[in-house]
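Below is coords_11.txt, which holds compact mmCIF, N, CA and C atoms.
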# COMPACT_ATOMS: atom_id res chain seq x y z
N MET A 101 4.50 -17.23 -1.37
CA MET A 101 3.21 -17.27 -2.01
C MET A 101 3.40 -17.73 -3.45
N GLU A 102 2.53 -18.60 -3.87
CA GLU A 102 2.58 -19.11 -5.24
C GLU A 102 1.92 -18.12 -6.20
N ALA A 103 2.28 -18.21 -7.47
CA ALA A 103 1.79 -17.28 -8.48
C ALA A 103 0.26 -17.31 -8.59
N GLU A 104 -0.32 -18.50 -8.54
CA GLU A 104 -1.78 -18.60 -8.67
C GLU A 104 -2.47 -17.94 -7.47
N ALA A 105 -1.94 -18.11 -6.27
CA ALA A 105 -2.52 -17.47 -5.10
C ALA A 105 -2.39 -15.95 -5.22
N ALA A 106 -1.25 -15.47 -5.72
CA ALA A 106 -1.05 -14.03 -5.90
C ALA A 106 -2.05 -13.48 -6.92
N ARG A 107 -2.31 -14.25 -7.96
CA ARG A 107 -3.27 -13.83 -8.98
C ARG A 107 -4.68 -13.72 -8.39
N ARG A 108 -5.09 -14.72 -7.59
CA ARG A 108 -6.42 -14.70 -6.95
C ARG A 108 -6.53 -13.52 -5.98
N LEU A 109 -5.46 -13.30 -5.22
CA LEU A 109 -5.46 -12.20 -4.26
C LEU A 109 -5.57 -10.86 -4.98
N HIS A 110 -4.84 -10.71 -6.07
CA HIS A 110 -4.92 -9.48 -6.85
C HIS A 110 -6.35 -9.23 -7.33
N ARG A 111 -6.97 -10.24 -7.88
CA ARG A 111 -8.34 -10.10 -8.37
C ARG A 111 -9.28 -9.71 -7.24
N LEU A 112 -9.14 -10.35 -6.09
CA LEU A 112 -10.03 -10.05 -4.96
C LEU A 112 -9.81 -8.64 -4.42
N LEU A 113 -8.57 -8.19 -4.35
CA LEU A 113 -8.30 -6.84 -3.86
C LEU A 113 -8.88 -5.79 -4.81
N VAL A 114 -8.72 -6.00 -6.11
CA VAL A 114 -9.27 -5.06 -7.09
C VAL A 114 -10.80 -5.05 -6.99
N GLU A 115 -11.39 -6.23 -6.89
CA GLU A 115 -12.85 -6.31 -6.79
C GLU A 115 -13.35 -5.68 -5.48
N LEU A 116 -12.63 -5.90 -4.39
CA LEU A 116 -13.02 -5.30 -3.10
C LEU A 116 -13.00 -3.78 -3.18
N MET A 117 -11.94 -3.24 -3.80
CA MET A 117 -11.87 -1.78 -3.95
C MET A 117 -13.03 -1.27 -4.79
N ALA A 118 -13.30 -1.93 -5.91
CA ALA A 118 -14.37 -1.49 -6.80
C ALA A 118 -15.73 -1.56 -6.12
N LEU A 119 -16.00 -2.67 -5.44
CA LEU A 119 -17.27 -2.82 -4.74
C LEU A 119 -17.39 -1.84 -3.58
N GLY A 120 -16.29 -1.63 -2.87
CA GLY A 120 -16.29 -0.66 -1.78
C GLY A 120 -16.67 0.72 -2.27
N HIS A 121 -16.09 1.12 -3.40
CA HIS A 121 -16.43 2.43 -3.97
C HIS A 121 -17.88 2.46 -4.43
N GLN A 122 -18.30 1.41 -5.12
CA GLN A 122 -19.65 1.37 -5.66
C GLN A 122 -20.71 1.37 -4.56
N LYS A 123 -20.51 0.54 -3.55
CA LYS A 123 -21.55 0.33 -2.54
C LYS A 123 -21.50 1.32 -1.36
N PHE A 124 -20.30 1.79 -1.02
CA PHE A 124 -20.18 2.61 0.20
C PHE A 124 -19.50 3.95 -0.02
N PHE A 125 -18.28 3.95 -0.54
CA PHE A 125 -17.48 5.17 -0.56
C PHE A 125 -18.09 6.28 -1.40
N ARG A 126 -18.74 5.94 -2.50
CA ARG A 126 -19.38 6.95 -3.34
C ARG A 126 -20.49 7.64 -2.54
N ALA A 127 -21.29 6.87 -1.84
CA ALA A 127 -22.37 7.45 -1.03
C ALA A 127 -21.80 8.25 0.13
N TRP A 128 -20.72 7.76 0.71
CA TRP A 128 -20.08 8.50 1.81
C TRP A 128 -19.56 9.84 1.30
N HIS A 129 -18.96 9.82 0.10
CA HIS A 129 -18.41 11.06 -0.44
C HIS A 129 -19.51 12.07 -0.74
N LYS A 130 -20.67 11.60 -1.19
CA LYS A 130 -21.78 12.53 -1.44
C LYS A 130 -22.16 13.25 -0.15
N TYR A 131 -22.18 12.51 0.95
CA TYR A 131 -22.47 13.16 2.24
C TYR A 131 -21.36 14.15 2.58
N ASP A 132 -20.10 13.72 2.42
CA ASP A 132 -18.97 14.57 2.76
C ASP A 132 -18.94 15.82 1.89
N ALA A 133 -19.31 15.68 0.61
CA ALA A 133 -19.32 16.83 -0.29
C ALA A 133 -20.35 17.85 0.21
N ALA A 134 -21.45 17.37 0.77
CA ALA A 134 -22.45 18.27 1.33
C ALA A 134 -21.87 19.04 2.51
N GLY A 135 -20.92 18.44 3.22
CA GLY A 135 -20.24 19.10 4.33
C GLY A 135 -19.11 20.01 3.87
N GLY A 136 -18.85 20.02 2.58
CA GLY A 136 -17.86 20.92 2.03
C GLY A 136 -16.45 20.37 1.93
N LEU A 137 -16.22 19.13 2.31
CA LEU A 137 -14.88 18.56 2.21
C LEU A 137 -14.74 17.76 0.93
N LYS A 138 -13.58 17.90 0.31
CA LYS A 138 -13.27 17.10 -0.87
C LYS A 138 -12.79 15.73 -0.41
N LYS A 139 -12.66 14.82 -1.38
CA LYS A 139 -12.34 13.42 -1.07
C LYS A 139 -11.04 13.28 -0.26
N ASN A 140 -9.95 13.89 -0.70
CA ASN A 140 -8.68 13.76 0.02
C ASN A 140 -8.72 14.46 1.37
N GLN A 141 -9.47 15.55 1.47
CA GLN A 141 -9.63 16.20 2.77
C GLN A 141 -10.31 15.25 3.75
N MET A 142 -11.37 14.59 3.26
CA MET A 142 -12.10 13.67 4.12
C MET A 142 -11.24 12.48 4.52
N LYS A 143 -10.46 11.97 3.59
CA LYS A 143 -9.57 10.84 3.91
C LYS A 143 -8.59 11.21 5.01
N LEU A 144 -8.03 12.42 4.91
CA LEU A 144 -7.05 12.85 5.91
C LEU A 144 -7.70 13.02 7.27
N VAL A 145 -8.86 13.66 7.31
CA VAL A 145 -9.57 13.86 8.58
C VAL A 145 -9.93 12.51 9.20
N ALA A 146 -10.42 11.59 8.37
CA ALA A 146 -10.79 10.26 8.88
C ALA A 146 -9.57 9.51 9.41
N LEU A 147 -8.45 9.61 8.71
CA LEU A 147 -7.22 8.94 9.14
C LEU A 147 -6.77 9.48 10.50
N LEU A 148 -6.77 10.79 10.66
CA LEU A 148 -6.39 11.38 11.95
C LEU A 148 -7.38 11.01 13.05
N PHE A 149 -8.65 10.94 12.72
CA PHE A 149 -9.66 10.59 13.71
C PHE A 149 -9.42 9.18 14.24
N HIS A 150 -9.14 8.24 13.34
CA HIS A 150 -9.00 6.84 13.74
C HIS A 150 -7.60 6.50 14.25
N GLU A 151 -6.57 7.20 13.77
CA GLU A 151 -5.21 6.83 14.14
C GLU A 151 -4.53 7.84 15.06
N GLY A 152 -5.11 9.00 15.25
CA GLY A 152 -4.52 10.00 16.13
C GLY A 152 -3.44 10.81 15.43
N VAL A 153 -2.65 11.51 16.23
CA VAL A 153 -1.61 12.41 15.72
C VAL A 153 -0.65 11.64 14.82
N ARG A 154 -0.33 12.25 13.67
CA ARG A 154 0.59 11.63 12.71
C ARG A 154 1.54 12.69 12.19
N THR A 155 2.70 12.25 11.73
CA THR A 155 3.63 13.18 11.09
C THR A 155 3.15 13.42 9.67
N ALA A 156 3.60 14.52 9.11
CA ALA A 156 3.25 14.82 7.72
C ALA A 156 3.77 13.72 6.80
N THR A 157 4.94 13.18 7.11
CA THR A 157 5.52 12.10 6.30
C THR A 157 4.63 10.86 6.33
N GLU A 158 4.12 10.50 7.51
CA GLU A 158 3.22 9.34 7.61
C GLU A 158 1.94 9.58 6.81
N LEU A 159 1.39 10.78 6.90
CA LEU A 159 0.17 11.09 6.16
C LEU A 159 0.40 11.01 4.66
N SER A 160 1.53 11.55 4.22
CA SER A 160 1.88 11.50 2.81
C SER A 160 1.94 10.07 2.31
N SER A 161 2.55 9.22 3.09
CA SER A 161 2.70 7.80 2.72
C SER A 161 1.36 7.08 2.72
N LYS A 162 0.58 7.26 3.78
CA LYS A 162 -0.69 6.54 3.90
C LYS A 162 -1.73 7.00 2.88
N LEU A 163 -1.65 8.26 2.47
CA LEU A 163 -2.63 8.79 1.50
C LEU A 163 -2.07 8.82 0.08
N ASP A 164 -0.83 8.39 -0.08
CA ASP A 164 -0.17 8.36 -1.39
C ASP A 164 -0.20 9.73 -2.06
N LEU A 165 0.28 10.73 -1.30
CA LEU A 165 0.31 12.10 -1.80
C LEU A 165 1.74 12.63 -1.83
N GLU A 166 2.04 13.40 -2.84
CA GLU A 166 3.33 14.09 -2.91
C GLU A 166 3.36 15.18 -1.85
N LYS A 167 4.58 15.59 -1.48
CA LYS A 167 4.75 16.58 -0.41
C LYS A 167 3.97 17.87 -0.68
N GLY A 168 4.05 18.38 -1.91
CA GLY A 168 3.34 19.63 -2.25
C GLY A 168 1.84 19.48 -2.16
N SER A 169 1.31 18.36 -2.61
CA SER A 169 -0.13 18.11 -2.52
C SER A 169 -0.58 18.02 -1.07
N LEU A 170 0.23 17.35 -0.24
CA LEU A 170 -0.11 17.24 1.18
C LEU A 170 -0.10 18.62 1.83
N THR A 171 0.88 19.43 1.51
CA THR A 171 0.96 20.78 2.09
C THR A 171 -0.29 21.57 1.75
N SER A 172 -0.73 21.53 0.51
CA SER A 172 -1.95 22.24 0.10
C SER A 172 -3.16 21.70 0.85
N LEU A 173 -3.22 20.39 1.00
CA LEU A 173 -4.32 19.75 1.70
C LEU A 173 -4.35 20.19 3.17
N LEU A 174 -3.18 20.17 3.81
CA LEU A 174 -3.09 20.58 5.21
C LEU A 174 -3.45 22.06 5.36
N ASP A 175 -2.97 22.90 4.44
CA ASP A 175 -3.31 24.33 4.49
C ASP A 175 -4.82 24.53 4.46
N SER A 176 -5.50 23.82 3.55
CA SER A 176 -6.95 24.00 3.41
C SER A 176 -7.69 23.55 4.66
N LEU A 177 -7.26 22.44 5.25
CA LEU A 177 -7.93 21.94 6.46
C LEU A 177 -7.62 22.80 7.68
N GLU A 178 -6.42 23.33 7.73
CA GLU A 178 -6.06 24.22 8.83
C GLU A 178 -6.87 25.52 8.75
N GLN A 179 -7.05 26.05 7.54
CA GLN A 179 -7.86 27.27 7.35
C GLN A 179 -9.30 27.06 7.78
N ARG A 180 -9.80 25.83 7.61
CA ARG A 180 -11.18 25.51 8.02
C ARG A 180 -11.28 25.22 9.51
N GLY A 181 -10.14 25.15 10.19
CA GLY A 181 -10.15 24.91 11.63
C GLY A 181 -10.31 23.44 12.01
N LEU A 182 -10.06 22.52 11.07
CA LEU A 182 -10.26 21.09 11.34
C LEU A 182 -9.00 20.38 11.81
N ILE A 183 -7.83 20.91 11.45
CA ILE A 183 -6.56 20.30 11.89
C ILE A 183 -5.65 21.39 12.43
N ARG A 184 -4.61 20.93 13.15
CA ARG A 184 -3.56 21.85 13.58
C ARG A 184 -2.22 21.17 13.32
N ARG A 185 -1.25 21.97 12.98
CA ARG A 185 0.12 21.49 12.79
C ARG A 185 0.98 22.03 13.91
N SER A 186 1.92 21.19 14.34
CA SER A 186 2.87 21.62 15.36
C SER A 186 4.21 20.95 15.10
N ILE A 187 5.23 21.49 15.70
CA ILE A 187 6.57 20.92 15.57
C ILE A 187 6.70 19.79 16.59
N ASN A 188 7.26 18.67 16.16
CA ASN A 188 7.51 17.55 17.07
C ASN A 188 8.59 17.97 18.07
N PRO A 189 8.28 18.00 19.37
CA PRO A 189 9.28 18.44 20.34
C PRO A 189 10.49 17.50 20.43
N ARG A 190 10.31 16.25 20.00
CA ARG A 190 11.42 15.29 20.04
C ARG A 190 12.29 15.34 18.78
N ASP A 191 11.73 15.90 17.69
CA ASP A 191 12.47 16.02 16.45
C ASP A 191 11.91 17.22 15.69
N ARG A 192 12.56 18.37 15.85
CA ARG A 192 12.03 19.62 15.32
C ARG A 192 11.95 19.65 13.79
N ARG A 193 12.50 18.65 13.11
CA ARG A 193 12.39 18.57 11.65
C ARG A 193 11.03 18.04 11.23
N GLN A 194 10.31 17.43 12.16
CA GLN A 194 9.02 16.81 11.84
C GLN A 194 7.85 17.71 12.21
N THR A 195 6.85 17.67 11.36
CA THR A 195 5.59 18.36 11.63
C THR A 195 4.57 17.33 12.08
N LEU A 196 3.94 17.57 13.21
CA LEU A 196 2.86 16.72 13.71
C LEU A 196 1.52 17.31 13.29
N VAL A 197 0.60 16.46 12.91
CA VAL A 197 -0.72 16.91 12.47
C VAL A 197 -1.76 16.23 13.36
N SER A 198 -2.68 17.02 13.87
CA SER A 198 -3.74 16.47 14.73
C SER A 198 -5.06 17.15 14.41
N LEU A 199 -6.14 16.52 14.82
CA LEU A 199 -7.47 17.11 14.65
C LEU A 199 -7.72 18.13 15.75
N THR A 200 -8.45 19.16 15.42
CA THR A 200 -8.93 20.10 16.42
C THR A 200 -10.24 19.56 16.99
N VAL A 201 -10.78 20.23 17.97
CA VAL A 201 -12.08 19.85 18.52
C VAL A 201 -13.13 19.91 17.41
N GLU A 202 -13.05 20.93 16.57
CA GLU A 202 -14.00 21.05 15.45
C GLU A 202 -13.82 19.91 14.45
N GLY A 203 -12.58 19.49 14.22
CA GLY A 203 -12.31 18.37 13.33
C GLY A 203 -12.90 17.08 13.86
N ARG A 204 -12.78 16.86 15.16
CA ARG A 204 -13.37 15.66 15.78
C ARG A 204 -14.89 15.71 15.69
N ARG A 205 -15.46 16.88 15.93
CA ARG A 205 -16.91 17.06 15.85
C ARG A 205 -17.41 16.77 14.43
N HIS A 206 -16.69 17.28 13.44
CA HIS A 206 -17.06 17.04 12.04
C HIS A 206 -17.04 15.54 11.75
N MET A 207 -16.01 14.87 12.22
CA MET A 207 -15.87 13.43 11.94
C MET A 207 -16.95 12.62 12.66
N GLU A 208 -17.31 12.99 13.86
CA GLU A 208 -18.38 12.28 14.59
C GLU A 208 -19.69 12.36 13.80
N LYS A 209 -20.01 13.56 13.29
CA LYS A 209 -21.22 13.73 12.48
C LYS A 209 -21.14 12.90 11.21
N THR A 210 -19.97 12.88 10.61
CA THR A 210 -19.77 12.12 9.38
C THR A 210 -19.93 10.63 9.63
N ILE A 211 -19.39 10.13 10.72
CA ILE A 211 -19.49 8.71 11.04
C ILE A 211 -20.95 8.31 11.23
N GLU A 212 -21.73 9.16 11.87
CA GLU A 212 -23.16 8.87 12.04
C GLU A 212 -23.84 8.72 10.69
N ALA A 213 -23.53 9.60 9.76
CA ALA A 213 -24.12 9.51 8.41
C ALA A 213 -23.64 8.26 7.70
N HIS A 214 -22.36 7.94 7.84
CA HIS A 214 -21.81 6.74 7.20
C HIS A 214 -22.44 5.47 7.77
N GLN A 215 -22.67 5.46 9.07
CA GLN A 215 -23.33 4.31 9.69
C GLN A 215 -24.73 4.12 9.12
N ALA A 216 -25.44 5.21 8.92
CA ALA A 216 -26.79 5.11 8.36
C ALA A 216 -26.74 4.53 6.94
N ILE A 217 -25.74 4.93 6.16
CA ILE A 217 -25.57 4.39 4.81
C ILE A 217 -25.25 2.90 4.87
N LEU A 218 -24.36 2.51 5.77
CA LEU A 218 -24.04 1.09 5.93
C LEU A 218 -25.29 0.28 6.30
N MET A 219 -26.04 0.81 7.26
CA MET A 219 -27.24 0.10 7.70
C MET A 219 -28.25 -0.04 6.57
N GLN A 220 -28.40 1.00 5.76
CA GLN A 220 -29.32 0.95 4.62
C GLN A 220 -28.84 -0.06 3.58
N ASN A 221 -27.56 -0.01 3.25
CA ASN A 221 -27.02 -0.93 2.23
C ASN A 221 -27.05 -2.38 2.67
N LEU A 222 -26.94 -2.62 3.96
CA LEU A 222 -26.89 -4.00 4.47
C LEU A 222 -28.21 -4.44 5.11
N LYS A 223 -29.28 -3.72 4.83
CA LYS A 223 -30.56 -4.03 5.49
C LYS A 223 -31.08 -5.43 5.16
N ASP A 224 -30.73 -5.96 3.98
CA ASP A 224 -31.22 -7.28 3.60
C ASP A 224 -30.28 -8.41 4.00
N ALA A 225 -29.12 -8.08 4.54
CA ALA A 225 -28.19 -9.12 5.00
C ALA A 225 -28.60 -9.56 6.41
N ASP A 226 -28.46 -10.85 6.68
CA ASP A 226 -28.80 -11.29 8.03
C ASP A 226 -27.61 -11.06 8.97
N ALA A 227 -27.88 -11.13 10.25
CA ALA A 227 -26.88 -10.82 11.28
C ALA A 227 -25.64 -11.71 11.15
N ALA A 228 -25.83 -12.97 10.81
CA ALA A 228 -24.69 -13.89 10.68
C ALA A 228 -23.78 -13.47 9.52
N GLU A 229 -24.39 -13.03 8.39
CA GLU A 229 -23.59 -12.56 7.25
C GLU A 229 -22.78 -11.32 7.62
N ILE A 230 -23.41 -10.42 8.33
CA ILE A 230 -22.73 -9.19 8.73
C ILE A 230 -21.58 -9.51 9.66
N GLU A 231 -21.79 -10.41 10.60
CA GLU A 231 -20.71 -10.80 11.52
C GLU A 231 -19.56 -11.47 10.76
N ARG A 232 -19.88 -12.31 9.77
CA ARG A 232 -18.83 -12.94 8.94
C ARG A 232 -18.05 -11.89 8.16
N LEU A 233 -18.75 -10.91 7.62
CA LEU A 233 -18.10 -9.82 6.88
C LEU A 233 -17.15 -9.06 7.80
N ILE A 234 -17.62 -8.68 8.97
CA ILE A 234 -16.79 -7.94 9.92
C ILE A 234 -15.58 -8.78 10.32
N ALA A 235 -15.80 -10.05 10.65
CA ALA A 235 -14.69 -10.93 11.06
C ALA A 235 -13.69 -11.09 9.92
N SER A 236 -14.16 -11.25 8.70
CA SER A 236 -13.26 -11.41 7.55
C SER A 236 -12.44 -10.15 7.32
N LEU A 237 -13.07 -8.99 7.44
CA LEU A 237 -12.34 -7.73 7.27
C LEU A 237 -11.33 -7.52 8.39
N GLU A 238 -11.68 -7.92 9.61
CA GLU A 238 -10.72 -7.82 10.72
C GLU A 238 -9.49 -8.69 10.46
N VAL A 239 -9.70 -9.90 9.93
CA VAL A 239 -8.59 -10.78 9.59
C VAL A 239 -7.74 -10.15 8.48
N ALA A 240 -8.40 -9.65 7.44
CA ALA A 240 -7.69 -9.05 6.31
C ALA A 240 -6.86 -7.85 6.75
N VAL A 241 -7.45 -6.98 7.54
CA VAL A 241 -6.74 -5.80 8.03
C VAL A 241 -5.57 -6.22 8.93
N GLY A 242 -5.79 -7.21 9.76
CA GLY A 242 -4.72 -7.70 10.64
C GLY A 242 -3.52 -8.21 9.85
N ILE A 243 -3.79 -8.97 8.80
CA ILE A 243 -2.72 -9.50 7.95
C ILE A 243 -2.01 -8.35 7.24
N MET A 244 -2.77 -7.42 6.70
CA MET A 244 -2.16 -6.30 5.97
C MET A 244 -1.32 -5.42 6.86
N ARG A 245 -1.70 -5.28 8.13
CA ARG A 245 -0.88 -4.49 9.08
C ARG A 245 0.48 -5.13 9.28
N LYS A 246 0.55 -6.44 9.19
CA LYS A 246 1.82 -7.14 9.41
C LYS A 246 2.77 -7.00 8.23
N LEU A 247 2.25 -6.70 7.04
CA LEU A 247 3.09 -6.63 5.84
C LEU A 247 4.05 -5.47 5.87
Is it possible to express this structure as structure tokens?
Amino acid sequence: MEAEAARRLHRLLVELMALGHQKFFRAWHKYDAAGGLKKNQMKLVALLFHEGVRTATELSSKLDLEKGSLTSLLDSLEQRGLIRRSINPRDRRQTLVSLTVEGRRHMEKTIEAHQAILMQNLKDADAAEIERLIASLEVAVGIMRKL
């Protein structure tokens, strides 16, 4: 990659994050706060919902959390009955984290609210623009998964 392309990509990634927070994530968090979950709690529950069972190490890496912070986060979610921890039967040094039935139920309700926010924010976009946005994000996510 050339320096100019890296510079353009950096600008676009920063702008995408800022716009994502401004247009969607802030509103999503307001809904989540009403449900009693803090931002990092919601991120962890959403990650488990979409990706399934993960090790504590994977969660720490994906959420950019130190081990102690992750432990506190897991403790709080376990106390609320949203996640469960278990020992990996293939490697007893690893802790597996999964959603409980209540955790899945919470996330389903949350997704419905998030969809309503998306629909409201994109009400003035035409169907072709929305399809282009979805296709572009699918391409971007696909490329980033390969990195």
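The spacing separating atom CA of Ile234 of chain A from atom CA of His129 of chain A amounts to 21.7 Å.
With atom N of Lys246 of chain A on one side and atom C of Lys162 of chain A on the other, the separation reads 15.0 Å.
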- [ ] Can you pull out every residue within 12 Å of Ser161 of chain A, counting only C-alpha atoms, but drop anything in the same chain fewer than 5 positions away, and send it as a ChimeraX atom specification?
- [x] /A:144,147,154-156,166-167,169-170
Grab all the atoms of segment 135-146 of chain A that the file lists, wrap them in a box along x, y and z, add 6 Å per side, and give me centre plus edge lengths in Å (one decimal) as AutoDock Vina command-line options.
--center_x -14.0 --center_y 15.2 --center_z 4.0 --size_x 25.9 --size_y 23.4 --size_z 22.8
TODO: Kindly give the distance, in Å, that separates atom CA of Leu165 of chain A and atom CA of Ile211 of chain A, rounded to a single decimal.
DONE: 23.8 Å
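Nearest-residue note for Leu199 of chain A: choosing from A:Ala216, A:Val145, A:Leu222, A:Ala227, the minimum distance belongs to A:Val145, counting only N, CA and C atoms.
With distances restricted to only C-alpha atoms, A:Val153 is the closest residue to Asn188 of chain A from A:Arg205, A:Ser172, A:Lys223, A:Val153.
Counting all atoms listed in the file, the residue from A:Arg180, A:Lys130, A:Ala146, A:Thr157 that sits nearest to Val197 of chain A is A:Thr157.
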Open item on the list: Run DSSP on the backbone and tell me which residues of segment 111-172 of chain A come out as alpha helix (DSSP H); list them as a PyMOL selection string.
Closed with: chain A and resi 111-120+126-134+139-151+156-163+167-172
TODO: Find, counting only C-alpha atoms, the residue in A:Ser236, A:Glu102, A:Glu151, A:Trp128 that gets nearest to Lys209 of chain A.
DONE: A:Trp128
TODO: Could you pull out every residue with an atom within 12 Å of (-20.3, 13.0, 10.0), file coordinates, counting only C-alpha atoms, and send them as a PyMOL selection string?
DONE: chain A and resi 128-137+142+145-146+149+202-217
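Restricting the calculation to only C-alpha atoms, the smallest distance between Leu174 of chain A and any of A:His110, A:Leu218, A:Glu115, A:Leu148 is found for A:Leu148.
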TODO: Enumerate, as a list in words, the complete set of residues in chain A that a backbone-based DSSP assignment places in strand (DSSP E).
DONE: Arg154, Thr155, Ile183, Arg184, Arg185, Ser186, Ile187, Asn188, Asp191, Arg192, Arg193, Gln194, Thr195, Leu196, Val197, Ser198 and Leu199 of chain A
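Distances here use only N, CA and C atoms; by that measure, the residue among A:Glu104, A:Val201, A:Lys138, A:Gln194 closest to Leu182 of chain A is A:Val201.
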